[in-house]
file work-v8.cif (mmCIF, C-alpha atoms and all ligand atoms)
data_start
#
loop_
_atom_site.label_atom_id
_atom_site.label_comp_id
_atom_site.auth_asym_id
_atom_site.auth_seq_id
_atom_site.Cartn_x
_atom_site.Cartn_y
_atom_site.Cartn_z
CA MET A 22 1.67 30.02 18.04
CA PHE A 23 3.86 28.12 15.54
CA GLU A 24 2.87 26.25 12.42
CA ARG A 25 2.37 22.49 12.88
CA ILE A 26 4.36 20.41 10.46
CA CYS A 27 5.11 16.84 9.47
CA LEU A 28 8.60 16.26 8.16
CA VAL A 29 8.73 13.17 5.97
CA HIS A 30 11.98 11.21 5.80
CA TYR A 31 12.68 8.65 3.14
CA HIS A 32 15.33 6.01 2.94
CA GLU A 33 15.43 3.98 -0.26
CA ILE A 34 14.66 6.99 -2.41
CA GLY A 35 17.74 8.60 -0.98
CA LEU A 36 19.78 5.79 -2.57
CA LYS A 37 18.48 6.47 -6.06
CA GLY A 38 21.26 8.76 -7.27
CA ARG A 39 20.36 10.72 -10.34
CA ASN A 40 16.78 9.42 -10.38
CA ARG A 41 16.13 10.71 -6.91
CA ALA A 42 14.26 13.84 -8.00
CA SER A 43 11.67 11.86 -9.94
CA PHE A 44 11.12 9.49 -6.99
CA GLU A 45 10.69 12.48 -4.67
CA HIS A 46 8.26 14.07 -7.08
CA ARG A 47 6.24 10.83 -7.26
CA LEU A 48 6.10 10.60 -3.48
CA LEU A 49 5.03 14.23 -3.24
CA MET A 50 2.13 13.62 -5.62
CA ASN A 51 1.06 10.53 -3.69
CA MET A 52 1.16 12.49 -0.44
CA GLU A 53 -0.99 15.23 -1.97
CA ALA A 54 -3.55 12.65 -3.09
CA ALA A 55 -3.59 10.85 0.28
CA LEU A 56 -4.11 14.16 2.11
CA ALA A 57 -6.69 15.52 -0.35
CA SER A 58 -9.39 15.74 2.30
CA TYR A 59 -7.19 17.75 4.72
CA GLU A 60 -6.47 21.45 4.42
CA THR A 61 -2.76 22.07 4.18
CA ASP A 62 -0.76 25.26 3.71
CA GLU A 63 2.09 23.60 1.93
CA ILE A 64 3.35 20.22 0.71
CA SER A 65 6.85 20.61 -0.65
CA ARG A 66 10.42 19.37 -0.89
CA ILE A 67 13.02 20.77 1.44
CA SER A 68 16.61 19.64 1.59
CA GLY A 69 16.33 15.84 1.62
CA HIS A 70 12.89 15.79 3.23
CA LEU A 71 9.30 16.35 2.24
CA LEU A 72 7.31 18.81 4.25
CA VAL A 73 3.62 19.09 5.10
CA VAL A 74 2.47 22.30 6.78
CA LEU A 75 -0.99 21.90 8.29
CA LYS A 76 -3.71 24.49 8.26
CA HIS A 77 -5.33 23.02 11.36
CA GLY A 78 -2.73 21.99 13.91
CA ASP A 79 -5.16 19.72 15.77
CA GLN A 80 -5.19 17.34 12.76
CA ILE A 81 -1.52 16.50 13.14
CA GLY A 82 -2.16 13.03 14.61
CA GLU A 83 -4.45 11.99 11.75
CA VAL A 84 -2.24 13.48 9.07
CA SER A 85 0.87 11.78 10.36
CA ARG A 86 -1.00 8.43 10.64
CA ILE A 87 -1.90 8.70 6.96
CA LEU A 88 1.61 9.69 5.93
CA LEU A 89 3.06 6.70 7.76
CA GLN A 90 1.07 4.37 5.49
CA ILE A 91 2.32 5.82 2.20
CA PRO A 92 4.89 3.64 0.42
CA GLY A 93 8.22 5.44 0.26
CA VAL A 94 7.82 7.10 3.66
CA ALA A 95 10.48 5.80 6.05
CA ARG A 96 9.71 8.07 9.02
CA VAL A 97 7.45 10.96 9.92
CA SER A 98 8.44 13.57 12.46
CA SER A 99 5.70 15.82 13.75
CA GLY A 100 6.65 19.16 15.21
CA TRP A 101 6.69 22.90 14.67
CA ARG A 102 8.03 25.42 12.19
CA CYS A 103 9.17 28.82 13.35
CA ALA A 104 11.34 31.76 12.33
CA ARG A 105 15.13 31.75 12.67
CA GLU A 106 14.89 33.71 15.93
CA PRO A 107 16.46 32.06 19.01
CA GLU A 108 13.58 32.95 21.31
CA GLN A 109 11.16 31.33 18.85
CA TYR A 110 12.97 28.02 18.33
CA CYS A 111 13.86 27.80 22.03
CA LYS A 112 10.15 28.14 22.81
CA ALA A 113 9.34 25.46 20.19
CA ALA A 114 12.03 23.24 21.75
CA GLU A 115 10.12 23.47 25.07
CA LEU A 116 7.02 22.14 23.30
CA ALA A 117 9.02 19.34 21.67
CA LEU A 118 10.60 18.38 24.99
CA VAL A 119 7.24 17.55 26.55
CA ASP A 120 5.60 16.28 23.34
CA CYS A 121 6.32 12.57 23.87
CA GLY A 122 5.02 12.25 27.43
CA PRO A 123 6.93 11.63 30.68
CA TYR A 124 10.75 11.63 30.45
CA GLN A 125 13.78 11.93 32.69
CA THR A 126 16.63 12.51 30.26
CA PHE A 127 17.00 14.48 27.04
CA LYS A 128 19.41 15.79 24.50
CA VAL A 129 19.37 18.41 21.76
CA ASP A 130 20.34 17.56 18.21
CA ALA A 131 20.64 20.85 16.35
CA ARG A 132 21.82 21.33 12.76
CA ARG A 133 21.91 24.08 10.24
CA SER A 134 21.82 23.15 6.59
CA ASN A 135 22.42 26.73 5.42
CA THR A 136 25.67 28.45 6.18
CA ASP A 137 23.94 31.83 5.72
CA TYR A 138 22.65 31.43 9.27
CA PRO A 139 25.27 32.90 11.58
CA ILE A 140 24.93 30.38 14.44
CA ASN A 141 26.59 27.05 13.63
CA SER A 142 25.38 23.59 14.69
CA MET A 143 27.59 23.40 17.78
CA GLU A 144 26.49 26.83 19.02
CA LEU A 145 22.86 25.98 18.30
CA ASN A 146 23.16 22.85 20.43
CA GLN A 147 24.59 24.87 23.30
CA LEU A 148 22.04 27.64 22.99
CA VAL A 149 18.97 25.41 22.91
CA GLY A 150 20.49 22.96 25.43
CA ALA A 151 21.09 25.76 27.97
CA HIS A 152 17.56 27.05 27.44
CA LEU A 153 16.01 23.62 28.04
CA CYS A 154 18.16 23.01 31.15
CA ALA A 155 16.75 26.22 32.60
CA PHE A 156 13.23 25.27 31.49
CA ALA A 157 13.38 21.77 33.04
CA PRO A 158 15.97 21.98 35.85
CA ASP A 159 14.88 18.66 37.37
CA LYS A 160 15.65 16.69 34.15
CA LYS A 161 19.06 15.45 33.06
CA VAL A 162 20.96 15.87 29.81
CA GLN A 163 22.13 12.50 28.54
CA MET A 164 24.05 12.04 25.30
CA LYS A 165 23.54 8.27 24.87
CA ASP A 166 19.97 6.90 24.60
CA PRO A 167 18.12 9.84 26.12
CA ASP A 168 14.35 9.52 26.66
CA VAL A 169 13.75 12.51 24.39
CA LYS A 170 15.81 13.86 21.52
CA VAL A 171 14.86 17.40 20.55
CA HIS A 172 15.75 18.08 16.92
CA VAL A 173 16.28 21.67 15.83
CA ASN A 174 16.93 21.93 12.09
CA VAL A 175 17.65 25.23 10.40
CA ILE A 176 16.61 24.66 6.79
CA GLN A 177 16.45 27.56 4.36
CA GLY A 178 14.56 30.45 5.97
CA SER A 179 12.92 28.50 8.80
CA VAL A 180 13.63 26.31 11.79
CA TYR A 181 11.96 22.91 12.22
CA VAL A 182 11.69 21.58 15.75
CA TYR A 183 10.45 18.12 16.75
CA SER A 184 10.98 15.17 19.04
CA ARG A 185 8.20 12.82 17.94
CA THR A 186 9.25 10.50 15.13
CA GLU A 187 7.42 7.38 13.97
CA ARG A 188 8.39 4.68 11.53
CA GLY A 189 6.52 4.48 8.22
CA VAL A 190 6.06 1.55 5.85
CA GLY A 191 9.19 2.38 3.86
CA GLY A 192 9.68 1.00 0.37
CA LEU A 193 9.22 3.01 -2.81
CA PRO A 194 6.52 5.42 -3.97
CA VAL A 195 3.63 3.92 -5.92
CA GLY A 196 4.19 4.66 -9.60
CA SER A 197 7.93 4.17 -9.55
CA ALA A 198 7.87 0.45 -10.44
CA GLY A 199 5.29 -0.06 -13.21
CA LYS A 200 1.91 -1.75 -13.09
CA VAL A 201 0.72 -5.23 -12.01
CA VAL A 202 -2.62 -7.03 -12.05
CA SER A 203 -3.43 -8.60 -8.70
CA LEU A 204 -6.03 -11.33 -8.17
CA ILE A 205 -7.87 -10.19 -5.10
CA SER A 206 -10.33 -12.56 -3.51
CA GLY A 207 -11.59 -10.76 -0.42
CA GLY A 208 -9.74 -13.29 1.76
CA ILE A 209 -6.89 -12.42 4.10
CA ASP A 210 -3.94 -13.17 1.82
CA SER A 211 -4.50 -11.40 -1.47
CA PRO A 212 -4.93 -7.87 -0.03
CA VAL A 213 -1.63 -8.35 1.80
CA ALA A 214 0.01 -9.57 -1.43
CA SER A 215 -1.35 -6.52 -3.28
CA TRP A 216 -0.08 -4.21 -0.54
CA ARG A 217 3.39 -5.77 -0.74
CA LEU A 218 3.57 -4.79 -4.40
CA MET A 219 2.32 -1.26 -3.65
CA LYS A 220 5.09 -0.99 -1.09
CA ARG A 221 7.63 -1.81 -3.80
CA GLY A 222 6.29 1.02 -5.94
CA ALA A 223 3.86 -0.81 -8.26
CA VAL A 224 0.48 0.53 -9.32
CA VAL A 225 -1.94 -2.32 -8.64
CA VAL A 226 -4.96 -3.14 -10.78
CA GLY A 227 -7.18 -5.63 -8.97
CA VAL A 228 -9.32 -8.38 -10.48
CA HIS A 229 -11.99 -9.96 -8.34
CA PHE A 230 -14.03 -12.97 -9.44
CA SER A 231 -17.37 -13.06 -7.68
CA GLY A 232 -19.95 -15.84 -7.66
CA ARG A 233 -22.53 -13.55 -9.28
CA PRO A 234 -25.10 -14.45 -10.63
CA GLN A 235 -24.99 -17.77 -8.75
CA THR A 236 -24.36 -15.97 -5.43
CA SER A 237 -25.00 -12.43 -4.23
CA ASP A 238 -22.47 -9.69 -4.93
CA ALA A 239 -21.49 -9.51 -1.22
CA SER A 240 -17.84 -10.35 -1.91
CA GLU A 241 -17.62 -7.39 -4.31
CA TYR A 242 -18.49 -5.03 -1.43
CA VAL A 243 -15.82 -6.68 0.71
CA VAL A 244 -13.25 -6.08 -2.02
CA ASP A 245 -14.39 -2.48 -2.43
CA ASP A 246 -14.00 -1.97 1.34
CA LEU A 247 -10.52 -3.49 1.14
CA ALA A 248 -9.62 -1.01 -1.57
CA HIS A 249 -10.78 1.85 0.66
CA ALA A 250 -8.85 0.47 3.63
CA LEU A 251 -5.71 0.50 1.50
CA ALA A 252 -6.43 4.01 0.18
CA PRO A 253 -3.66 5.72 2.19
CA ALA A 254 -1.16 3.39 0.51
CA GLY A 255 -2.61 4.80 -2.71
CA GLY A 256 -1.80 1.80 -4.87
CA PHE A 257 -5.11 0.59 -6.32
CA GLY A 258 -5.81 2.34 -9.58
CA ARG A 259 -8.77 0.23 -10.64
CA ILE A 260 -10.49 -3.02 -9.69
CA TYR A 261 -12.30 -5.23 -12.20
CA TYR A 262 -15.27 -7.16 -10.82
CA VAL A 263 -15.89 -10.30 -12.87
CA PRO A 264 -19.15 -12.28 -12.43
CA PHE A 265 -17.81 -15.80 -12.50
CA GLY A 266 -20.61 -17.99 -11.13
CA ASN A 267 -22.00 -19.21 -14.48
CA TYR A 268 -18.60 -20.36 -15.74
CA GLN A 269 -17.96 -22.21 -12.50
CA LYS A 270 -21.32 -23.88 -12.81
CA ILE A 271 -20.40 -25.28 -16.23
CA ILE A 272 -16.96 -26.41 -15.01
CA ALA A 273 -18.61 -28.05 -12.01
CA SER A 274 -21.08 -29.96 -14.16
CA GLU A 275 -18.70 -31.03 -16.92
CA CYS A 276 -15.27 -31.62 -15.38
CA PRO A 277 -13.86 -34.06 -12.80
CA PRO A 278 -14.77 -32.69 -9.34
CA ASN A 279 -11.25 -33.08 -7.94
CA LEU A 280 -9.88 -30.67 -10.59
CA ARG A 281 -12.53 -27.99 -10.20
CA ILE A 282 -10.52 -25.55 -8.10
CA ILE A 283 -7.51 -25.83 -10.41
CA LEU A 284 -9.72 -25.26 -13.44
CA TYR A 285 -11.35 -22.21 -11.85
CA ARG A 286 -7.89 -20.81 -11.10
CA ARG A 287 -6.64 -21.54 -14.62
CA LEU A 288 -9.56 -19.59 -16.03
CA MET A 289 -8.97 -16.77 -13.55
CA LEU A 290 -5.33 -16.47 -14.60
CA ARG A 291 -6.25 -16.45 -18.29
CA VAL A 292 -8.68 -13.57 -17.69
CA ALA A 293 -6.19 -11.74 -15.46
CA GLU A 294 -3.53 -11.99 -18.15
CA ARG A 295 -5.88 -10.56 -20.78
CA ILE A 296 -6.69 -7.69 -18.41
CA ALA A 297 -2.97 -7.19 -17.88
CA TRP A 298 -2.45 -6.88 -21.65
CA LEU A 299 -5.29 -4.37 -21.82
CA GLU A 300 -3.80 -2.41 -18.92
CA LYS A 301 -0.22 -2.74 -20.22
CA ALA A 302 0.71 -4.33 -16.88
CA LYS A 303 3.83 -6.46 -16.75
CA ALA A 304 3.04 -9.12 -14.12
CA LEU A 305 0.25 -10.90 -12.26
CA VAL A 306 0.10 -11.22 -8.46
CA THR A 307 -1.58 -13.79 -6.25
CA GLY A 308 -1.75 -14.31 -2.49
CA GLU A 309 -0.61 -17.92 -2.58
CA SER A 310 1.57 -19.27 0.19
CA LEU A 311 3.21 -22.64 -0.29
CA GLY A 312 1.24 -25.51 1.19
CA GLN A 313 -1.26 -23.27 2.99
CA VAL A 314 -4.27 -24.99 1.45
CA ALA A 315 -4.78 -27.94 -0.90
CA SER A 316 -4.71 -25.74 -3.98
CA GLN A 317 -1.30 -24.36 -3.12
CA THR A 318 1.02 -27.33 -3.56
CA LEU A 319 3.89 -26.94 -6.02
CA GLU A 320 2.19 -29.31 -8.48
CA ASN A 321 -1.02 -27.29 -8.39
CA ILE A 322 0.77 -23.98 -8.64
CA MET A 323 2.54 -25.33 -11.72
CA ALA A 324 -0.71 -26.60 -13.25
CA VAL A 325 -2.33 -23.19 -12.75
CA ASN A 326 0.71 -21.18 -13.80
CA SER A 327 1.10 -23.06 -17.09
CA VAL A 328 -1.80 -21.26 -18.79
CA VAL A 329 -0.12 -17.83 -18.78
CA LYS A 330 3.11 -16.42 -20.17
CA MET A 331 3.32 -13.39 -17.93
CA PRO A 332 5.32 -13.66 -14.69
CA VAL A 333 3.10 -14.50 -11.71
CA LEU A 334 4.44 -12.87 -8.56
CA ARG A 335 3.63 -14.53 -5.25
CA PRO A 336 4.94 -12.20 -2.57
CA LEU A 337 3.58 -14.40 0.25
CA ILE A 338 4.90 -17.72 -1.00
CA GLY A 339 7.27 -18.14 1.96
CA ALA A 340 5.12 -16.43 4.59
CA ASP A 341 3.09 -18.38 7.12
CA LYS A 342 -0.48 -17.55 8.01
CA LEU A 343 0.32 -15.83 11.30
CA GLU A 344 2.79 -13.47 9.65
CA ILE A 345 0.22 -12.68 6.98
CA ILE A 346 -2.45 -12.05 9.62
CA ASP A 347 -0.08 -9.71 11.50
CA THR A 348 0.48 -7.68 8.36
CA ALA A 349 -3.23 -7.68 7.53
CA LYS A 350 -3.96 -6.27 10.99
CA ARG A 351 -1.27 -3.63 10.62
CA ILE A 352 -2.50 -2.42 7.24
CA GLY A 353 -6.15 -2.45 8.30
CA THR A 354 -7.50 -5.23 6.06
CA PHE A 355 -7.84 -8.11 8.52
CA GLU A 356 -11.30 -7.35 9.88
CA ILE A 357 -12.74 -6.65 6.46
CA SER A 358 -11.29 -9.88 5.06
CA SER A 359 -12.70 -11.83 8.01
CA ARG A 360 -16.27 -10.79 7.22
CA PRO A 361 -18.23 -13.75 5.92
CA ALA A 362 -19.13 -13.21 2.25
CA ASP A 363 -19.52 -15.92 -0.32
CA ASP A 364 -17.18 -15.36 -3.21
CA CYS A 365 -16.85 -17.68 -6.12
CA CYS A 366 -14.46 -19.87 -4.09
CA THR A 367 -17.24 -21.12 -1.85
CA LEU A 368 -19.31 -22.11 -4.85
CA PHE A 369 -19.32 -25.65 -6.23
CA MET A 370 -16.45 -26.84 -4.05
CA PRO A 371 -15.42 -30.49 -4.46
CA ARG A 372 -15.27 -32.85 -1.47
CA SER A 373 -11.68 -33.89 -2.06
CA PRO A 374 -9.71 -31.43 -4.18
CA GLU A 375 -6.68 -32.65 -6.10
CA THR A 376 -3.40 -31.81 -4.40
CA HIS A 377 -1.08 -33.05 -7.17
CA ALA A 378 -2.73 -31.97 -10.40
CA ARG A 379 -1.04 -32.83 -13.68
CA ILE A 380 -1.10 -30.35 -16.55
CA VAL A 381 -2.22 -33.06 -19.03
CA ASP A 382 -5.22 -33.94 -16.88
CA CYS A 383 -6.22 -30.29 -16.66
CA GLU A 384 -5.89 -29.89 -20.42
CA ARG A 385 -7.96 -33.02 -21.04
CA ALA A 386 -10.64 -31.78 -18.64
CA GLU A 387 -10.79 -28.45 -20.47
CA GLU A 388 -11.20 -30.02 -23.93
CA GLY A 389 -14.96 -29.71 -24.00
CA LEU A 390 -15.01 -26.14 -22.69
CA ASP A 391 -15.01 -23.13 -24.98
CA LEU A 392 -12.52 -21.24 -22.84
CA ASP A 393 -11.41 -18.76 -25.48
CA ALA A 394 -14.99 -17.69 -26.09
CA TRP A 395 -15.55 -17.37 -22.33
CA VAL A 396 -12.52 -15.16 -21.89
CA ASP A 397 -13.60 -13.02 -24.88
CA GLU A 398 -17.07 -12.72 -23.40
CA ILE A 399 -15.70 -11.67 -20.00
CA MET A 400 -13.39 -9.12 -21.64
CA GLU A 401 -16.24 -7.69 -23.67
CA HIS A 402 -18.36 -7.06 -20.55
CA LEU A 403 -15.76 -5.88 -18.06
CA GLU A 404 -17.09 -4.04 -15.02
CA TYR A 405 -14.73 -1.89 -13.04
CA ARG A 406 -14.42 0.79 -10.41
CA ASP A 407 -11.64 3.39 -10.19
CA TYR A 408 -9.87 4.45 -7.00
CA PRO A 409 -7.74 7.51 -6.27
CA CYS A 410 -4.20 6.73 -7.42
CA PRO A 411 -2.38 9.59 -9.12
CA ALA A 412 0.08 7.25 -10.82
CA TYR A 413 -2.61 5.11 -12.48
CA ARG A 414 -3.10 5.46 -16.24
CA ALA A 415 -6.27 3.79 -17.53
CA PRO A 416 -6.21 2.01 -20.91
CA LYS A 417 -6.79 4.48 -23.74
CA LYS A 418 -9.45 2.29 -25.27
CA MET A 419 -11.77 -0.04 -23.37
CA PRO A 420 -13.87 -2.79 -24.98
CA GLU A 421 -17.24 -1.41 -26.09
CA GLY A 422 -19.30 -3.39 -23.60
CA ALA A 423 -17.12 -2.41 -20.60
CA LYS A 424 -18.79 -0.33 -17.92
CA ALA A 425 -17.67 1.70 -14.94
CA LEU A 426 -19.57 0.80 -11.77
CA ASP A 427 -20.91 3.47 -9.44
CA ALA A 428 -18.94 4.14 -6.29
CA CYS A 429 -20.20 1.91 -3.45
P1 LIG B 501 -6.94 -15.45 -0.07
O1 LIG B 501 -6.86 -15.31 1.41
O2 LIG B 501 -6.20 -14.40 -0.82
O3 LIG B 501 -8.36 -15.65 -0.55
P2 LIG B 501 -6.59 -18.26 0.04
O4 LIG B 501 -5.72 -18.65 1.17
O5 LIG B 501 -8.06 -18.33 0.22
O6 LIG B 501 -6.16 -16.80 -0.42
P3 LIG B 501 -6.88 -19.63 -2.46
O7 LIG B 501 -8.34 -19.65 -2.30
O8 LIG B 501 -6.16 -20.89 -2.86
O9 LIG B 501 -6.13 -19.15 -1.17
O10 LIG B 501 -6.48 -18.52 -3.50
C1 LIG B 501 -5.16 -18.33 -3.88
C2 LIG B 501 -5.07 -17.01 -4.61
O11 LIG B 501 -5.87 -17.04 -5.81
C3 LIG B 501 -5.61 -15.84 -3.82
O12 LIG B 501 -4.67 -15.31 -2.92
C4 LIG B 501 -5.95 -14.87 -4.92
O13 LIG B 501 -4.79 -14.19 -5.38
C5 LIG B 501 -6.46 -15.79 -6.01
N1 LIG B 501 -7.92 -15.91 -5.89
C6 LIG B 501 -8.63 -16.89 -5.28
N2 LIG B 501 -9.95 -16.65 -5.36
C7 LIG B 501 -10.09 -15.49 -6.03
C8 LIG B 501 -11.21 -14.69 -6.42
N3 LIG B 501 -12.45 -15.04 -6.13
N4 LIG B 501 -10.96 -13.54 -7.10
C9 LIG B 501 -9.71 -13.18 -7.39
N5 LIG B 501 -8.63 -13.88 -7.04
C10 LIG B 501 -8.80 -15.02 -6.37
MG MG B 502 -9.60 -17.26 -0.56
#
call {"tool": "encode", "arguments": {"input": "work-v8.cif", "output": "structure tokens"}}
result
Amino acid sequence: MFERICLVHYHEIGLKGRNRASFEHRLLMNMEAALASYETDEISRISGHLLVVLKHGDQIGEVSRILLQIPGVARVSSGWRCAREPEQYCKAAELALVDCGPYQTFKVDARRSNTDYPINSMELNQLVGAHLCAFAPDKKVQMKDPDVKVHVNVIQGSVYVYSRTERGVGGLPVGSAGKVVSLISGGIDSPVASWRLMKRGAVVVGVHFSGRPQTSDASEYVVDDLAHALAPAGGFGRIYYVPFGNYQKIIASECPPNLRIILYRRLMLRVAERIAWLEKAKALVTGESLGQVASQTLENIMAVNSVVKMPVLRPLIGADKLEIIDTAKRIGTFEISSRPADDCCTLFMPRSPETHARIVDCERAEEGLDLDAWVDEIMEHLEYRDYPCPAYRAPKKMPEGAKALDAC
């Protein structure tokens, strides 16, 4: 009978002053991309909110679940849109009253944002309130903490009625905070670290180092699945898949075993920084958390960090594993990350890895390795896959040997 709508509320964007319009526009584009496979009648801006009008009302649950995952979305209210006729919005208010399941108490919160509508907010409250009291005579009106709050908003030429409101991820829309290159392993931590940056508005370019050709490419499929799981967040523009097994094999055969992991990581960061230059990204991201494993002591972090000039962001540095797992479950990456798949990390592991590496020892160990040539070789043969992210801008010119991989 009425159109089904999702009203999207934002919070931080509302604090952006004169830049607010561009943040809203960015969020609108991201919402359009995230809902590309759903038929909608309208996705637009209305008076401090963004609005989605569905073509098929029965999809409202799915659509609102997707919207809730989009960075920048603070809350999503699902309800109805109707004409500015009292009998229509009173009828819609009946639907909203029973929309959230069993209840005993309710209140009406009615507002008009246009003064061209002759009934003011106070009168609207009384009108709809009286109607609902007659509709549900056994329920009580309660002003403080009612079970159900029926919102009736007169905005421009329509009335929006809802009671169901859920909390979204918040943050800022992807594309409002530049671009980063995130080292994504397929483990539990790095997808969460990448997501944290998406939530702060960054476009994320992933780099995954697989054990290929020394292992299968199984970990690359895991990473691709992770990218799809994070699709509603809309933050991955592209992921580079780097076959790393042969370089690890040389490091393993020529360098002290206790330094292997640090040397792998130092090479990874060098490659990631070169990719960041190519992509015009301004920072690198890892999923490290202080002390979580042997490679993540302060000494080792310093030894790894020293090979790059670009800032390395570690959004999980102070998070413990259980917090990270909770987030991974919430954002839908936990199960995928828990799938067993050999990545390059499981290859050529030493028995007792160094926990207090010194930069000089790493440099000495690397003396016999032609690292610059390796990095050039990797850059010349980059393999990558693109993901839907409206804010992502690919490099204008890619190295000649680079190739786009087919969608998995
Ligand atoms: P994760 O759960 O993200 O794999 P981890 O607890 O296994 O992290 P490490 O193996 O020490 O920790 O890796 C630390 C960080 O280094 C990862 O979070 C990731 O950012 C990066 N990294 C490790 N292995 C890879 C890889 N194969 N490809 C890309 N990045 C990697
Ligand atoms: Mg790992």
call {"tool": "residues_near_point", "arguments": {"input": "work-v8.cif", "point": "(16.2, 3.2, -3.5)", "cutoff": "12 Å", "atoms": "all atoms listed in the file", "output": "list in words"}}
result
Tyr31, His32, Glu33, Ile34, Gly35, Leu36, Lys37, Gly38, Arg39, Asn40, Arg41, Ala42, Ser43, Phe44, Glu45, Pro92, Gly93, Val94, Ala95, Gly191, Gly192, Leu193, Pro194, Ser197, Ala198, Arg221 and Gly222 of chain A
call {"tool": "residues_near_ligand", "arguments": {"input": "work-v8.cif", "ligand": "ligand MG 502 (chain B)", "cutoff": "12 Å", "atoms": "only C-alpha atoms and all ligand atoms", "output": "NGL selection string"}}
result
:A and (204-212 or 229-231 or 240 or 244 or 282 or 286 or 307-310 or 313-317 or 358-359 or 361-368)
call {"tool": "residues_around", "arguments": {"input": "work-v8.cif", "residues": "Tyr110 of chain A", "least_positions_apart": "4", "cutoff": "10 Å", "atoms": "only C-alpha atoms", "output": "PyMOL selection string"}}
result
chain A and resi 23+101-106+114-116+149+173-175+179-182
call {"tool": "write_last_selection", "arguments": {"input": "work-v8.cif", "atoms": "C-alpha atoms", "output": "CSV table (one decimal), keeping the file's coordinate frame"}}
result
chain,number,residue,atom,x,y,z
A,23,PHE,CA,3.9,28.1,15.5
A,101,TRP,CA,6.7,22.9,14.7
A,102,ARG,CA,8.0,25.4,12.2
A,103,CYS,CA,9.2,28.8,13.4
A,104,ALA,CA,11.3,31.8,12.3
A,105,ARG,CA,15.1,31.8,12.7
A,106,GLU,CA,14.9,33.7,15.9
A,114,ALA,CA,12.0,23.2,21.8
A,115,GLU,CA,10.1,23.5,25.1
A,116,LEU,CA,7.0,22.1,23.3
A,149,VAL,CA,19.0,25.4,22.9
A,173,VAL,CA,16.3,21.7,15.8
A,174,ASN,CA,16.9,21.9,12.1
A,175,VAL,CA,17.6,25.2,10.4
A,179,SER,CA,12.9,28.5,8.8
A,180,VAL,CA,13.6,26.3,11.8
A,181,TYR,CA,12.0,22.9,12.2
A,182,VAL,CA,11.7,21.6,15.8
call {"tool": "atom_distance", "arguments": {"input": "work-v8.cif", "atom1": "atom CA of Phe257 of chain A", "atom2": "atom CA of Met219 of chain A"}}
result
8.1 Å
call {"tool": "residues_around", "arguments": {"input": "work-v8.cif", "residues": "Tyr268 of chain A", "least_positions_apart": "3", "cutoff": "12 Å", "atoms": "only C-alpha atoms", "output": "number ranges by chain"}}
result
A: 230-235, 263-265, 271-276, 281, 284-286, 288-289, 365, 368-369, 390-392, 394-396, 398-399
call {"tool": "closest_residue", "arguments": {"input": "work-v8.cif", "among": "A:Pro374, A:Pro332, A:Gly227, A:Gly258", "to": "ligand LIG 501 (chain B)", "atoms": "all atoms listed in the file"}}
result
A:Gly227
call {"tool": "atom_distance", "arguments": {"input": "work-v8.cif", "atom1": "atom CA of Tyr262 of chain A", "atom2": "atom CA of Ala386 of chain A"}}
result
26.2 Å
call {"tool": "closest_residue", "arguments": {"input": "work-v8.cif", "among": "A:Ser134, A:Gly196, A:Leu299, A:Ile176", "to": "Leu49 of chain A", "atoms": "all atoms listed in the file"}}
result
A:Gly196
